[in-house]
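The block underneath contains the structure these notes are about, expressed in structure tokens.
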Amino acid sequence: MYPYIHIGSFQLGTFGLLLWLAAVCGTIVLHRNFVRNGVDADALNVVALVTLSGIIGAKLWHELQNPAELAAAWHQIFVPGWHHPLDILLDFLHWFQTGFAWFGGLLAGVAMLMFQGHLARPNGLKGHYAAMRMLDLAAPATAIGYGVGRIGCLLSGDGDYGINTTLPWGVHMAKDALVRPNPPNALVQPTPIYELLFALALGWWLWKRGSRPRPLGFITGEYLMISGIGRFLVEFVRINPRVYWGMSNAQVAALGSVIFGAGMMFVTRNNQPAPVTELPVEPAPA
């Protein structure tokens, strides 16, 4: 577990590094899906905007769960005063590097993907059809990117690890972990690794499913349902507090994802598949 990589006086957070790697992986998968489906869109631009939206959404969702703590944190950020803008910026960045909620990131990312689909008009579709098509195309990339990003949570020790364990693959959190186990030297379950393995399997499944025409929106429903099941189950061995009917906040959100995804699969099952169009071939230079 390495929360930070120290290069001289420079300190690089591993969570941010893995978030970047997750975006790279997502971009590669999305680009390949665009190519095989004849979609003329810029995968890098799509992923960059979705990642930025997801980060902001995840941070907002986490912070708005406790407005009092949010107000106190912002008060502390501005303690140096406006005549010390660099100190304010550094305090803000330090505050921003921890505390993200999966569900908030999901909502913000979905909204941005739909907007991007509306703009890109994949396969000549328009309106909500274009939005659904973009969601379907991005489903495998989303699964892979999420799994890779979760390893950043493990490396930073931000509290997303599991309960204490005696299993042979249990891990120790370093003394500079952002959230220490109780007791500090306890072995804990590496739940982000569980999620990575699940995400890779889900990404492979969605990729194979997308190799044949499917009803518009159906693959998105599959992603929401299956990923929700995975997140619901992993929470049983995570340290998150049980706040709603014996479930964690993430479990309630995951249950909602399962129900919504199943409903989406039912509603879209008779939709027409997207028309796959050939990308124009650029002439070779003379």
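Chain identifiers are assigned as A, B, and so on, following the order in which chains appear in the structure tokens; residues are numbered from 1 within each chain, and ligands are numbered from 1 in order of appearance.
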
Mind running region 92-135 of chain A against region 197-221 of chain A at 8 Å and telling me each contacting residue's nearest atom pair with the distance in Å (one decimal), counting only C-alpha atoms, chain and number ascending, as JSON lines?
{"residue": "A:Tyr129", "atom": "CA", "partner": "A:Leu216", "partner_atom": "CA", "distance": 7.3}
{"residue": "A:Met132", "atom": "CA", "partner": "A:Gly217", "partner_atom": "CA", "distance": 5.2}
{"residue": "A:Arg133", "atom": "CA", "partner": "A:Leu216", "partner_atom": "CA", "distance": 6.1}
{"residue": "A:Leu135", "atom": "CA", "partner": "A:Thr220", "partner_atom": "CA", "distance": 6.0}

With all heavy atoms kept, could you save the residues just selected as a CSV table (one decimal), in the first residue's frame?
chain,number,residue,atom,x,y,z
A,129,TYR,N,-32.3,8.2,-28.4
A,129,TYR,CA,-31.8,7.0,-29.0
A,129,TYR,C,-30.2,7.1,-29.1
A,129,TYR,O,-29.5,6.1,-28.8
A,129,TYR,CB,-32.3,6.8,-30.4
A,129,TYR,CG,-33.8,6.5,-30.5
A,129,TYR,CD1,-34.7,7.4,-31.0
A,129,TYR,CD2,-34.3,5.3,-30.0
A,129,TYR,CE1,-36.1,7.1,-31.0
A,129,TYR,CE2,-35.6,5.0,-30.0
A,129,TYR,CZ,-36.5,5.9,-30.5
A,129,TYR,OH,-37.8,5.6,-30.6
A,132,MET,N,-28.9,6.6,-25.5
A,132,MET,CA,-28.9,5.2,-25.1
A,132,MET,C,-27.8,4.4,-25.8
A,132,MET,O,-27.1,3.5,-25.3
A,132,MET,CB,-30.2,4.5,-25.4
A,132,MET,CG,-31.3,4.9,-24.4
A,132,MET,SD,-32.7,3.8,-24.5
A,132,MET,CE,-33.4,4.2,-26.1
A,133,ARG,N,-27.6,4.8,-27.1
A,133,ARG,CA,-26.5,4.1,-27.9
A,133,ARG,C,-25.1,4.4,-27.3
A,133,ARG,O,-24.3,3.4,-27.1
A,133,ARG,CB,-26.5,4.6,-29.3
A,133,ARG,CG,-25.5,4.0,-30.2
A,133,ARG,CD,-25.5,2.5,-30.3
A,133,ARG,NE,-24.7,1.9,-31.4
A,133,ARG,CZ,-24.3,0.7,-31.4
A,133,ARG,NH1,-24.6,-0.2,-30.4
A,133,ARG,NH2,-23.5,0.3,-32.4
A,135,LEU,N,-24.5,5.0,-24.1
A,135,LEU,CA,-24.4,4.3,-22.9
A,135,LEU,C,-24.1,2.8,-23.1
A,135,LEU,O,-23.3,2.2,-22.4
A,135,LEU,CB,-25.8,4.4,-22.1
A,135,LEU,CG,-26.1,5.8,-21.6
A,135,LEU,CD1,-27.5,5.7,-20.9
A,135,LEU,CD2,-25.1,6.2,-20.5

Based on DSSP run over this structure's backbone, return all residues of region 15-133 of chain A in alpha helix (DSSP H), as a short mmCIF file (atom, residue, chain, number, x, y, z; two decimals) with C-alpha atoms, in the first residue's frame.
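Contents of selection27.cif, freshly written:
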data_model
loop_
_atom_site.label_atom_id
_atom_site.label_comp_id
_atom_site.auth_asym_id
_atom_site.auth_seq_id
_atom_site.Cartn_x
_atom_site.Cartn_y
_atom_site.Cartn_z
CA PHE A 15 -5.22 7.38 -6.04
CA GLY A 16 -4.96 10.07 -8.70
CA LEU A 17 -2.42 8.02 -10.63
CA LEU A 18 -4.74 4.99 -10.76
CA LEU A 19 -7.66 7.22 -11.67
CA TRP A 20 -5.63 8.37 -14.68
CA LEU A 21 -4.79 4.75 -15.55
CA ALA A 22 -8.49 3.84 -15.29
CA ALA A 23 -9.30 6.62 -17.76
CA VAL A 24 -6.61 5.36 -20.14
CA CYS A 25 -7.98 1.80 -20.00
CA GLY A 26 -11.53 3.07 -20.48
CA THR A 27 -10.45 5.15 -23.48
CA ILE A 28 -8.78 2.17 -25.17
CA VAL A 29 -11.82 -0.08 -24.70
CA LEU A 30 -14.28 2.63 -25.80
CA HIS A 31 -12.20 3.47 -28.89
CA ARG A 32 -12.12 -0.17 -29.94
CA ASN A 33 -15.89 -0.40 -29.41
CA PHE A 34 -16.40 2.72 -31.55
CA VAL A 35 -14.27 1.24 -34.33
CA ARG A 36 -15.98 -2.16 -34.42
CA ALA A 43 -13.20 8.28 -27.36
CA LEU A 44 -10.56 10.36 -25.58
CA ASN A 45 -12.81 13.42 -25.46
CA VAL A 46 -15.76 11.36 -24.23
CA VAL A 47 -13.76 9.69 -21.45
CA ALA A 48 -12.10 12.94 -20.36
CA LEU A 49 -15.43 14.73 -19.90
CA VAL A 50 -17.08 11.74 -18.24
CA THR A 51 -14.12 11.28 -15.86
CA LEU A 52 -14.18 14.93 -14.85
CA SER A 53 -17.94 14.83 -14.34
CA GLY A 54 -17.67 11.59 -12.37
CA ILE A 55 -15.01 12.97 -10.05
CA ILE A 56 -17.05 16.08 -9.32
CA GLY A 57 -20.25 14.09 -8.89
CA ALA A 58 -18.61 11.54 -6.57
CA LYS A 59 -17.09 14.29 -4.44
CA LEU A 60 -20.36 16.24 -4.22
CA TRP A 61 -22.37 13.13 -3.29
CA HIS A 62 -19.92 12.23 -0.55
CA GLU A 63 -19.67 15.72 0.91
CA PRO A 67 -23.21 19.38 5.25
CA ALA A 68 -21.80 20.36 8.66
CA GLU A 69 -18.46 18.67 7.94
CA LEU A 70 -18.44 20.21 4.47
CA ALA A 71 -18.94 23.70 5.88
CA ALA A 72 -16.18 23.15 8.45
CA ALA A 73 -13.78 21.88 5.77
CA TRP A 74 -14.37 24.90 3.55
CA HIS A 75 -13.95 27.25 6.48
CA GLN A 76 -10.58 25.64 7.18
CA ILE A 77 -9.55 25.95 3.52
CA PRO A 85 -4.06 32.17 -2.72
CA LEU A 86 -1.42 29.44 -3.05
CA ASP A 87 -2.09 28.22 0.50
CA ILE A 88 -5.82 28.17 -0.23
CA LEU A 89 -5.24 26.18 -3.43
CA LEU A 90 -3.02 23.64 -1.66
CA ASP A 91 -5.55 23.23 1.16
CA PHE A 92 -8.31 22.75 -1.41
CA LEU A 93 -6.33 20.11 -3.29
CA HIS A 94 -5.53 18.30 -0.04
CA TRP A 95 -9.26 18.28 0.84
CA PHE A 96 -10.27 17.18 -2.64
CA TRP A 102 -19.42 5.69 -6.10
CA PHE A 103 -23.10 6.46 -6.69
CA GLY A 104 -22.57 10.19 -7.19
CA GLY A 105 -19.86 9.49 -9.72
CA LEU A 106 -22.13 7.03 -11.52
CA LEU A 107 -25.00 9.52 -11.83
CA ALA A 108 -22.78 12.34 -13.04
CA GLY A 109 -20.95 10.06 -15.47
CA VAL A 110 -24.20 8.69 -16.92
CA ALA A 111 -25.57 12.20 -17.40
CA MET A 112 -22.41 13.31 -19.23
CA LEU A 113 -22.37 10.16 -21.39
CA MET A 114 -25.95 10.78 -22.46
CA PHE A 115 -25.12 14.37 -23.31
CA GLN A 116 -22.09 13.23 -25.29
CA GLY A 117 -24.26 10.75 -27.17
CA HIS A 118 -26.70 13.53 -28.01
CA LEU A 119 -23.83 15.56 -29.48
CA ALA A 120 -22.01 12.71 -31.26
CA GLY A 127 -32.09 12.40 -29.28
CA HIS A 128 -32.61 9.79 -26.57
CA TYR A 129 -31.76 7.02 -29.03
CA ALA A 130 -28.29 8.51 -29.45
CA ALA A 131 -27.94 8.83 -25.68
CA MET A 132 -28.87 5.18 -25.12
CA ARG A 133 -26.50 4.08 -27.87
#

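Among the residues of region 154-189 of chain A, backbone DSSP assigns strand (DSSP E) to Val171, His172, Leu187 and Val188 of chain A.
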
Counting only C-alpha atoms, the residue of A:Phe78, A:Tyr223, A:Thr166, A:Ala186 that sits nearest Ala141 (chain A):
A:Tyr223

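In terms of minimum interatomic distance to Pro273 (chain A), A:Leu125 ranks closest within A:Ile193, A:Leu233, A:Ala41, A:Leu125, counting only C-alpha atoms.
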
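Going from CA of Asp136 (chain A) to CA of Ala101 (chain A) covers 23.0 Å.
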
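In this structure, CA of Val179 (chain A) sits 29.0 Å away from CA of Ile226 (chain A).
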
What does the distance from CA of Gly261 (chain A) to CA of Tyr146 (chain A) come to in Å, to one decimal?
17.4 Å
